[in-house]
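Engineer: Below is coords30.cif; it holds mmCIF, N, CA and C atoms.
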```cif
data_entry
#
loop_
_atom_site.label_atom_id
_atom_site.label_comp_id
_atom_site.auth_asym_id
_atom_site.auth_seq_id
_atom_site.Cartn_x
_atom_site.Cartn_y
_atom_site.Cartn_z
N MET A 1 151.75 129.22 132.12
CA MET A 1 152.83 130.00 132.67
C MET A 1 152.61 130.11 134.17
N ASP A 2 153.55 129.58 134.93
CA ASP A 2 153.43 129.56 136.38
C ASP A 2 154.10 130.75 137.05
N PHE A 3 155.01 131.41 136.37
CA PHE A 3 155.79 132.49 136.98
C PHE A 3 154.93 133.71 137.24
N LYS A 4 155.00 134.20 138.44
CA LYS A 4 154.34 135.45 138.82
C LYS A 4 155.40 136.30 139.51
N PRO A 5 155.83 137.40 138.88
CA PRO A 5 156.86 138.21 139.50
C PRO A 5 156.36 138.87 140.79
N THR A 6 157.28 138.97 141.71
CA THR A 6 156.96 139.68 142.95
C THR A 6 156.96 141.18 142.67
N ASP A 7 156.43 141.95 143.62
CA ASP A 7 156.46 143.41 143.48
C ASP A 7 157.89 143.91 143.36
N VAL A 8 158.80 143.31 144.11
CA VAL A 8 160.21 143.71 144.06
C VAL A 8 160.79 143.41 142.68
N GLN A 9 160.51 142.22 142.15
CA GLN A 9 161.00 141.88 140.81
C GLN A 9 160.44 142.82 139.77
N MET A 10 159.17 143.15 139.90
CA MET A 10 158.56 144.09 138.95
C MET A 10 159.29 145.42 138.97
N GLU A 11 159.53 145.94 140.15
CA GLU A 11 160.16 147.25 140.29
C GLU A 11 161.63 147.22 139.87
N GLU A 12 162.35 146.15 140.24
CA GLU A 12 163.79 146.11 140.00
C GLU A 12 164.18 145.60 138.62
N TRP A 13 163.35 144.75 138.03
CA TRP A 13 163.76 144.10 136.77
C TRP A 13 162.81 144.34 135.61
N PHE A 14 161.55 144.05 135.79
CA PHE A 14 160.64 144.05 134.65
C PHE A 14 160.25 145.45 134.19
N LYS A 15 159.95 146.34 135.11
CA LYS A 15 159.60 147.71 134.70
C LYS A 15 160.79 148.41 134.04
N PRO A 16 162.00 148.30 134.60
CA PRO A 16 163.14 148.92 133.92
C PRO A 16 163.41 148.30 132.55
N ALA A 17 163.24 146.99 132.42
CA ALA A 17 163.45 146.35 131.12
C ALA A 17 162.43 146.87 130.11
N PHE A 18 161.17 146.97 130.53
CA PHE A 18 160.13 147.50 129.66
C PHE A 18 160.46 148.93 129.25
N ASP A 19 160.88 149.74 130.22
CA ASP A 19 161.22 151.13 129.92
C ASP A 19 162.38 151.22 128.93
N ASP A 20 163.39 150.36 129.11
CA ASP A 20 164.53 150.34 128.18
C ASP A 20 164.07 149.96 126.77
N ILE A 21 163.26 148.92 126.67
CA ILE A 21 162.76 148.48 125.37
C ILE A 21 161.94 149.58 124.72
N ASP A 22 161.07 150.21 125.51
CA ASP A 22 160.24 151.30 125.00
C ASP A 22 161.09 152.45 124.49
N THR A 23 162.13 152.80 125.22
CA THR A 23 163.04 153.87 124.81
C THR A 23 163.75 153.52 123.50
N ILE A 24 164.22 152.29 123.40
CA ILE A 24 164.90 151.84 122.18
C ILE A 24 163.95 151.90 120.99
N LEU A 25 162.72 151.44 121.17
CA LEU A 25 161.75 151.45 120.07
C LEU A 25 161.38 152.87 119.68
N ASP A 26 161.24 153.76 120.66
CA ASP A 26 160.95 155.16 120.35
C ASP A 26 162.08 155.78 119.53
N GLU A 27 163.32 155.50 119.93
CA GLU A 27 164.47 156.04 119.20
C GLU A 27 164.55 155.44 117.80
N LEU A 28 164.30 154.15 117.69
CA LEU A 28 164.29 153.48 116.39
C LEU A 28 163.25 154.11 115.47
N ASN A 29 162.08 154.37 116.00
CA ASN A 29 161.00 154.97 115.22
C ASN A 29 161.37 156.40 114.80
N ARG A 30 161.95 157.16 115.73
CA ARG A 30 162.36 158.53 115.40
C ARG A 30 163.43 158.55 114.31
N GLU A 31 164.39 157.65 114.41
CA GLU A 31 165.50 157.64 113.47
C GLU A 31 165.12 157.09 112.09
N THR A 32 164.25 156.10 112.07
CA THR A 32 163.93 155.44 110.79
C THR A 32 162.58 155.82 110.23
N LYS A 33 161.72 156.40 111.08
CA LYS A 33 160.34 156.71 110.68
C LYS A 33 159.60 155.44 110.22
N CYS A 34 159.91 154.32 110.88
CA CYS A 34 159.32 153.04 110.48
C CYS A 34 157.85 152.92 110.86
N GLY A 35 157.44 153.63 111.89
CA GLY A 35 156.03 153.61 112.31
C GLY A 35 155.72 152.49 113.29
N ASN A 36 154.66 152.70 114.03
CA ASN A 36 154.25 151.73 115.04
C ASN A 36 153.85 150.39 114.44
N GLU A 37 153.23 150.40 113.26
CA GLU A 37 152.83 149.12 112.65
C GLU A 37 154.03 148.22 112.42
N TYR A 38 155.14 148.80 111.97
CA TYR A 38 156.34 147.98 111.76
C TYR A 38 156.89 147.50 113.10
N LEU A 39 156.89 148.38 114.11
CA LEU A 39 157.39 147.98 115.42
C LEU A 39 156.55 146.84 115.99
N ILE A 40 155.25 146.90 115.80
CA ILE A 40 154.37 145.82 116.25
C ILE A 40 154.72 144.53 115.52
N LYS A 41 154.94 144.62 114.22
CA LYS A 41 155.32 143.44 113.43
C LYS A 41 156.64 142.86 113.95
N MET A 42 157.60 143.73 114.26
CA MET A 42 158.88 143.29 114.76
C MET A 42 158.72 142.62 116.13
N LEU A 43 157.93 143.20 117.00
CA LEU A 43 157.70 142.61 118.32
C LEU A 43 157.00 141.26 118.21
N LYS A 44 156.06 141.14 117.28
CA LYS A 44 155.40 139.85 117.06
C LYS A 44 156.41 138.81 116.58
N SER A 45 157.35 139.22 115.74
CA SER A 45 158.38 138.32 115.26
C SER A 45 159.26 137.84 116.42
N ILE A 46 159.59 138.74 117.32
CA ILE A 46 160.38 138.37 118.50
C ILE A 46 159.58 137.39 119.36
N THR A 47 158.30 137.67 119.55
CA THR A 47 157.43 136.77 120.32
C THR A 47 157.36 135.40 119.67
N ASP A 48 157.19 135.37 118.35
CA ASP A 48 157.15 134.09 117.63
C ASP A 48 158.44 133.30 117.83
N THR A 49 159.57 134.00 117.84
CA THR A 49 160.86 133.33 118.06
C THR A 49 160.90 132.69 119.44
N TYR A 50 160.49 133.44 120.46
CA TYR A 50 160.49 132.90 121.82
C TYR A 50 159.50 131.74 121.95
N GLU A 51 158.36 131.83 121.29
CA GLU A 51 157.39 130.73 121.34
C GLU A 51 157.96 129.50 120.66
N GLY A 52 158.68 129.68 119.56
CA GLY A 52 159.31 128.54 118.88
C GLY A 52 160.36 127.88 119.75
N VAL A 53 161.18 128.68 120.40
CA VAL A 53 162.19 128.14 121.31
C VAL A 53 161.52 127.38 122.44
N GLN A 54 160.44 127.93 122.98
CA GLN A 54 159.74 127.26 124.08
C GLN A 54 159.17 125.92 123.64
N LYS A 55 158.64 125.85 122.42
CA LYS A 55 158.11 124.58 121.89
C LYS A 55 159.21 123.54 121.81
N VAL A 56 160.39 123.94 121.35
CA VAL A 56 161.52 123.00 121.27
C VAL A 56 161.92 122.54 122.67
N LEU A 57 162.02 123.49 123.60
CA LEU A 57 162.36 123.12 124.98
C LEU A 57 161.33 122.17 125.56
N ASP A 58 160.05 122.45 125.34
CA ASP A 58 158.99 121.58 125.83
C ASP A 58 159.10 120.19 125.22
N ALA A 59 159.35 120.13 123.91
CA ALA A 59 159.45 118.84 123.22
C ALA A 59 160.64 118.03 123.73
N GLU A 60 161.69 118.71 124.12
CA GLU A 60 162.89 118.04 124.62
C GLU A 60 162.84 117.83 126.14
N GLY A 61 161.76 118.29 126.75
CA GLY A 61 161.61 118.10 128.20
C GLY A 61 162.55 118.97 129.02
N ILE A 62 162.98 120.07 128.45
CA ILE A 62 163.90 120.98 129.14
C ILE A 62 163.10 122.07 129.81
N GLU A 63 163.33 122.22 131.11
CA GLU A 63 162.64 123.27 131.85
C GLU A 63 163.36 124.59 131.64
N ASN A 64 162.61 125.64 131.40
CA ASN A 64 163.20 126.95 131.15
C ASN A 64 162.84 127.90 132.23
#
```
Turn the structure described in the file into structure tokens.
Structural biologist:
Amino acid sequence: MDFKPTDVQMEEWFKPAFDDIDTILDELNRETKCGNEYLIKMLKSITDTYEGVQKVLDAEGIEN
């Protein structure tokens, strides 16, 4: 992974995105009582999906 976000990108994009995701997961947990273990499983599933897409892009020589 070559991308390194700048301080400005971190402040303007990545930190707010993380905060939004964290808020959504907190609300999901409060509403469903699913627990952190399930949320971790869900996040791993999302990560696996992105890794699968990246493998396809790499195999097809598509830069992402």
Engineer: What's around Pro5 (chain A) at 12 Å? Count only C-alpha atoms, leave out sequence neighbours fewer than 6 positions away in its own chain, and write the answer as a PyMOL selection string.
Structural biologist: chain A and resi 11-15
Engineer: Return as a Markdown table the residues of region 35-62 of chain A lying at most 8 Å from region 26-29 of chain A, together with the closest atom-to-atom pair for each and the distance in Å to one decimal, counting all atoms listed in the file, with rows in chain order and ascending residue number.
Structural biologist:
```
| residue | atom | partner | partner_atom | distance |
| --- | --- | --- | --- | --- |
| A:Gly35 | N | A:Asn29 | CA | 5.1 |
| A:Asn36 | N | A:Asn29 | CA | 6.8 |
| A:Leu39 | N | A:Asn29 | CA | 7.8 |
```
Engineer: Give me a file of those residues, with N, CA and C atoms, as a PDB file, keeping the file's coordinate frame.
Structural biologist:
```pdb
ATOM      1  N   GLY A  35     157.440 153.630 111.890  1.00  0.00           N
ATOM      2  CA  GLY A  35     156.030 153.610 112.310  1.00  0.00           C
ATOM      3  C   GLY A  35     155.720 152.490 113.290  1.00  0.00           C
ATOM      4  N   ASN A  36     154.660 152.700 114.030  1.00  0.00           N
ATOM      5  CA  ASN A  36     154.250 151.730 115.040  1.00  0.00           C
ATOM      6  C   ASN A  36     153.850 150.390 114.440  1.00  0.00           C
ATOM      7  N   LEU A  39     156.890 148.380 114.110  1.00  0.00           N
ATOM      8  CA  LEU A  39     157.390 147.980 115.420  1.00  0.00           C
ATOM      9  C   LEU A  39     156.550 146.840 115.990  1.00  0.00           C
TER      10      LEU A  39
END
```
Engineer: Figure out the distance between CA of Met10 (chain A) and CA of Leu25 (chain A), please, to one decimal in Å.
Structural biologist: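 Going from CA of Leu25 (chain A) over to CA of Met10 (chain A) covers 20.5 Å.
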Engineer: So, counting only C-alpha atoms, which residue among A:Asp7, A:Asp22, A:Glu31, A:Asp58 is closest to Leu43 (chain A)?
Structural biologist: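 The closest residue to Leu43 (chain A) is A:Asp22.
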Engineer: From a DSSP pass on the backbone, collect the residues of chain A flagged as alpha helix (DSSP H) and hand them back as a VMD selection string.
Structural biologist: chain A and resid 7 to 9 15 to 32 36 to 59
Engineer: Which of these residues is nearest to Tyr50 (chain A), using only C-alpha atoms: A:Arg30, A:Gln9, A:Ile21, A:Asn64?
Structural biologist: A:Asn64
Engineer: Record the distance separating CA of Ile62 (chain A) and CA of Pro16 (chain A), expressed in Å with one decimal.
Structural biologist: 28.4 Å
Engineer: Rounded to one decimal, what separation in Å do you get between atom C of Ile24 (chain A) and atom N of Lys41 (chain A)?
Structural biologist: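 If I compute the distance from atom C of Ile24 (chain A) to atom N of Lys41 (chain A), I get 13.4 Å.
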